[in-house]
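Taking it in order: structure first as structure tokens, then the write-up.
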Amino acid sequence: MSPIASYARLLRLAGPAYVAVAFLGRLPLAMSQLGTLLLVSSATGRYGAGGAAAGALAVANAIGSPFAGSLADRIGQRPVVLVQSLAGGLGLLGIVLLSRSGGGEAGLIAVAAATGLVMPQVGPLARVRWRPLTRGTGSAQPRLVDAAFSYEGAADEASFVLGPALVGVIGVLIDPAGALVVAAAVLMVFGTWFAVHPSAAIAHEHRTRRTAGETGRLVTGLLLVLLVAQGLIGMVFGSSQTGATVLATAVGQPGVAGLTHATLGVGSVIAGLAIAGLPARIGHERRMLGSAVALLVLSLPLLLVDGLVGLVLVVLALGFAVAPYMISNFTLGERIVPPSRVGAAMTLLAAATGVGYALGSSVAGRLADTGGHTPAFAVTVVATASAVVLSLAAQRPLRRALAAREVEPEVPSAGDRTPEPVDRRP
């Protein structure tokens, strides 16, 4: 089955509305960090306060999302995401109101942290729904699930390009507060729609049927390997963004730093969609290793760039290895954990990415203070080299784990039927 045919079939099974809602529902999280940074910096007159508030939101989200994912595994996504979408939207509005009323720095940081704690991770939870949605497709299911994870990886990358861009456009046309108001509205509408979409009920019923009497731990040595792997790609994001900012500032064009770094997402989206065409015989553990090697090779020229044109070309090329690496990690995570814990695993992997981003940007920033952009980019190269070593070490254990958990494609029981498209009103 070609990638185009796979994507077309997924669209028929889930329905166009679901695909649109799941994409739009993840935009507010992508908008919230930059929006908070700009708004709090503007309100307090201190970039340090803005950075602290945005960092508090990001760290709190990394802490809270795995707990929400675990709860969704137990009681279903519908009630969890519904509460998160409404609470997260109110939290974003709270940041705006507090900044307007002259709230102190400590209060703004506290509200930002509380908001991050309840913001939903729509991307990881959307991944959980694809196996139930493809139930009844027989031998085509493994290929369809692979294509779905490829799409989700590309959608995540696209959201983290489009989200900050929207913040910038709205900030120019209105003001920084307007960007967070829009993010709150989008979250309340599309996050709620994602929560109540029929696919949420299908996923919960599927999980209950599959996991009766199931035993197994969530956190194993192999999941820890994947968490570290995602932390390393987060370090790539944080350090490369820091290096791009330092270089752009040094050449007198600090305003283009965000756009320069956004080209990373362009290549990543293209590669993420294309990876669904890889032959099934190339296992995901091998894809993880191959993309890690590509990350290392493509990151090395960062140590040589000294201008924005060269930086854009290198970052664009580097992006082509990002989505394949992340898609491999998320797919492996879905397949090595017990089916009843997939939601928790997906949100843990997303959280590890955020932690890695914070670590990478912090270390790169400290090195850049004394040595400029090249030491910052050296953090990127070290992270990609570490990804290669980790992937090499994990090849055999991952292959054994996948072989042990390999099952025949799911076939509906006598009481089931091939699923119809679920694009209908909740």
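For the structure tokens, the naming scheme is as follows: chains receive sequential letters (A, B, ...) according to their order of presentation, residues are indexed from 1 within each chain, and ligands are indexed from 1 in presentation order.
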- Message: Applying 10 Å and only C-alpha atoms, which residues near Ala126 in chain A remain after dropping the ones on its own chain fewer than 4 positions away? List them as a VMD selection string.
- Response: chain A and resid 18 to 19 22 to 23 25 to 26 77 121 to 122 130 148 to 149 152 194 199 to 200 203 343 346
With C-alpha atoms retained, write the just-selected residues as an mmCIF file, in the first residue's frame.
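Output below, filename again36.cif:
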data_model
loop_
_atom_site.group_PDB
_atom_site.id
_atom_site.type_symbol
_atom_site.label_atom_id
_atom_site.label_comp_id
_atom_site.auth_asym_id
_atom_site.auth_seq_id
_atom_site.Cartn_x
_atom_site.Cartn_y
_atom_site.Cartn_z
ATOM 1 C CA TYR A 18 -11.387 14.284 13.187
ATOM 2 C CA VAL A 19 -8.107 14.938 11.391
ATOM 3 C CA ALA A 22 -6.965 16.791 16.248
ATOM 4 C CA PHE A 23 -4.561 19.119 14.426
ATOM 5 C CA GLY A 25 -6.506 21.056 19.085
ATOM 6 C CA ARG A 26 -2.725 20.832 19.441
ATOM 7 C CA GLN A 77 -9.842 10.363 27.148
ATOM 8 C CA GLN A 121 -1.225 16.992 25.014
ATOM 9 C CA VAL A 122 -3.506 16.366 22.048
ATOM 10 C CA TRP A 130 -5.416 5.161 15.591
ATOM 11 C CA ALA A 148 -0.935 7.165 11.133
ATOM 12 C CA PHE A 149 2.126 7.631 13.336
ATOM 13 C CA GLU A 152 1.063 12.439 13.642
ATOM 14 C CA PHE A 194 -11.435 16.411 20.303
ATOM 15 C CA SER A 199 -13.213 8.214 18.424
ATOM 16 C CA ALA A 200 -12.580 8.806 22.147
ATOM 17 C CA ALA A 203 -10.577 4.023 21.842
ATOM 18 C CA GLY A 343 -1.664 6.892 26.649
ATOM 19 C CA MET A 346 2.860 8.665 24.635
#
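CA of Ser291 in chain A lies 10.8 Å from CA of Ile275 in chain A.
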- Message: Show me, as a ChimeraX atom specification, the residues that have an atom within 8 Å of Gly365 in chain A when counting only C-alpha atoms, minus same-chain residues fewer than 2 positions from it.
- Response: /A:239,242-243,361-363,367-369,376
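The nearest approach to Ala274 in chain A among the residues A:Val355, A:Val236, A:Val246, A:Ala154, with only C-alpha atoms taken into account, belongs to A:Ala154.
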Find the spatial neighbours of Ile327 in chain A, counting only C-alpha atoms, within a cut-off of 12 Å - ignore same-chain residues fewer than 3 positions away - and output them as a PDB file with C-alpha atoms, in the first residue's frame.
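Here's the written file around30.pdb:
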ATOM      1  CA  PRO A 124       0.211  12.014  21.951  1.00  0.00           C
ATOM      2  CA  ARG A 127      -1.824   8.589  18.481  1.00  0.00           C
ATOM      3  CA  VAL A 145      -0.891   2.337  12.039  1.00  0.00           C
ATOM      4  CA  ASP A 146       2.604   3.095  10.745  1.00  0.00           C
ATOM      5  CA  ALA A 147       1.147   5.651   8.324  1.00  0.00           C
ATOM      6  CA  ALA A 148      -0.935   7.165  11.133  1.00  0.00           C
ATOM      7  CA  PHE A 149       2.126   7.631  13.336  1.00  0.00           C
ATOM      8  CA  SER A 150       3.996   9.144  10.396  1.00  0.00           C
ATOM      9  CA  TYR A 151       1.176  11.621   9.917  1.00  0.00           C
ATOM     10  CA  GLU A 152       1.063  12.439  13.642  1.00  0.00           C
ATOM     11  CA  GLY A 153       4.798  13.135  13.682  1.00  0.00           C
ATOM     12  CA  ALA A 154       4.414  15.497  10.727  1.00  0.00           C
ATOM     13  CA  ALA A 155       1.369  17.134  12.335  1.00  0.00           C
ATOM     14  CA  ASP A 156       3.284  17.777  15.549  1.00  0.00           C
ATOM     15  CA  GLU A 157       6.098  19.404  13.609  1.00  0.00           C
ATOM     16  CA  LEU A 226      13.081   5.836  24.438  1.00  0.00           C
ATOM     17  CA  ALA A 229      16.065   9.310  23.039  1.00  0.00           C
ATOM     18  CA  GLN A 230      13.255  11.854  23.091  1.00  0.00           C
ATOM     19  CA  ILE A 233      15.899  15.279  20.284  1.00  0.00           C
ATOM     20  CA  SER A 268      10.641  17.494   9.200  1.00  0.00           C
ATOM     21  CA  VAL A 269       7.033  17.657   7.973  1.00  0.00           C
ATOM     22  CA  ALA A 271      10.121  13.616   5.789  1.00  0.00           C
ATOM     23  CA  GLY A 272       7.470  12.653   8.333  1.00  0.00           C
ATOM     24  CA  LEU A 273       4.839  12.199   5.647  1.00  0.00           C
ATOM     25  CA  ALA A 274       7.230  10.388   3.313  1.00  0.00           C
ATOM     26  CA  ILE A 275       8.489   7.840   5.851  1.00  0.00           C
ATOM     27  CA  ALA A 276       5.218   5.915   5.555  1.00  0.00           C
ATOM     28  CA  HIS A 284      11.411   0.686  13.573  1.00  0.00           C
ATOM     29  CA  GLU A 285      14.511   0.028  15.645  1.00  0.00           C
ATOM     30  CA  ARG A 287      14.741   3.388  11.398  1.00  0.00           C
ATOM     31  CA  MET A 288      15.624   4.855  14.782  1.00  0.00           C
ATOM     32  CA  SER A 291      17.661   8.601  11.427  1.00  0.00           C
ATOM     33  CA  ALA A 292      19.990   9.116  14.418  1.00  0.00           C
ATOM     34  CA  ALA A 321      16.042  13.555   9.945  1.00  0.00           C
ATOM     35  CA  VAL A 322      13.981  14.893  12.868  1.00  0.00           C
ATOM     36  CA  ALA A 323      10.512  13.501  12.172  1.00  0.00           C
ATOM     37  CA  PRO A 324      11.740  10.001  11.169  1.00  0.00           C
ATOM     38  CA  PHE A 330       6.808   6.988  19.415  1.00  0.00           C
ATOM     39  CA  THR A 331       5.981   3.889  17.348  1.00  0.00           C
ATOM     40  CA  LEU A 332       8.389   1.778  19.385  1.00  0.00           C
ATOM     41  CA  GLY A 333       6.863   3.170  22.569  1.00  0.00           C
ATOM     42  CA  GLU A 334       3.359   2.210  21.427  1.00  0.00           C
ATOM     43  CA  MET A 346       2.860   8.665  24.635  1.00  0.00           C
ATOM     44  CA  LEU A 349       7.633  10.619  25.583  1.00  0.00           C
ATOM     45  CA  ALA A 350       6.239  14.068  24.797  1.00  0.00           C
TER      46      ALA A 350
END
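Within the 10 Å cut-off around range 104-108 of chain A, using only C-alpha atoms and omitting residues fewer than 5 positions from it on the same chain, the listed residues are Thr36, Val40, Ser41, Ala43, Thr44, Arg46, Gly48, Ala49, Gly50, Ala52, Ala53, Ala54, Ala56, Gly94, Ile95, Val96, Leu97, Leu98, Ser99, Ala113 and Ala114 of chain A.
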Written file, previous selection with C-alpha atoms, as a PDB file, in the first residue's frame:
ATOM      1  CA  THR A  36       3.368  33.759  27.481  1.00  0.00           C
ATOM      2  CA  VAL A  40       4.719  38.631  30.427  1.00  0.00           C
ATOM      3  CA  SER A  41       7.867  40.326  29.107  1.00  0.00           C
ATOM      4  CA  ALA A  43       3.673  43.471  30.953  1.00  0.00           C
ATOM      5  CA  THR A  44       6.617  43.467  33.367  1.00  0.00           C
ATOM      6  CA  ARG A  46      11.605  42.191  31.975  1.00  0.00           C
ATOM      7  CA  GLY A  48      13.686  37.373  32.581  1.00  0.00           C
ATOM      8  CA  ALA A  49      10.153  37.373  33.948  1.00  0.00           C
ATOM      9  CA  GLY A  50       8.746  36.360  30.567  1.00  0.00           C
ATOM     10  CA  ALA A  52      10.508  32.329  33.752  1.00  0.00           C
ATOM     11  CA  ALA A  53       6.753  32.303  33.110  1.00  0.00           C
ATOM     12  CA  ALA A  54       7.127  30.490  29.774  1.00  0.00           C
ATOM     13  CA  ALA A  56       7.192  27.404  34.257  1.00  0.00           C
ATOM     14  CA  GLY A  94      -6.060  34.179  33.475  1.00  0.00           C
ATOM     15  CA  ILE A  95      -2.530  35.049  32.328  1.00  0.00           C
ATOM     16  CA  VAL A  96      -3.979  37.763  30.090  1.00  0.00           C
ATOM     17  CA  LEU A  97      -6.212  39.218  32.821  1.00  0.00           C
ATOM     18  CA  LEU A  98      -3.453  39.174  35.428  1.00  0.00           C
ATOM     19  CA  SER A  99      -1.028  40.904  33.062  1.00  0.00           C
ATOM     20  CA  ALA A 113       2.651  27.034  35.853  1.00  0.00           C
ATOM     21  CA  ALA A 114      -0.914  26.124  36.827  1.00  0.00           C
TER      22      ALA A 114
END
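Atom pair CA of Gly265 in chain A / CA of Val309 in chain A has a distance of 16.7 Å (rounded to one decimal).
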- Task: Using only C-alpha atoms, pick whichever of A:Val21, A:Leu37, A:Ala352, A:Ile336 has the shortest atom-to-atom distance to Arg399 in chain A.
- Result: A:Ile336
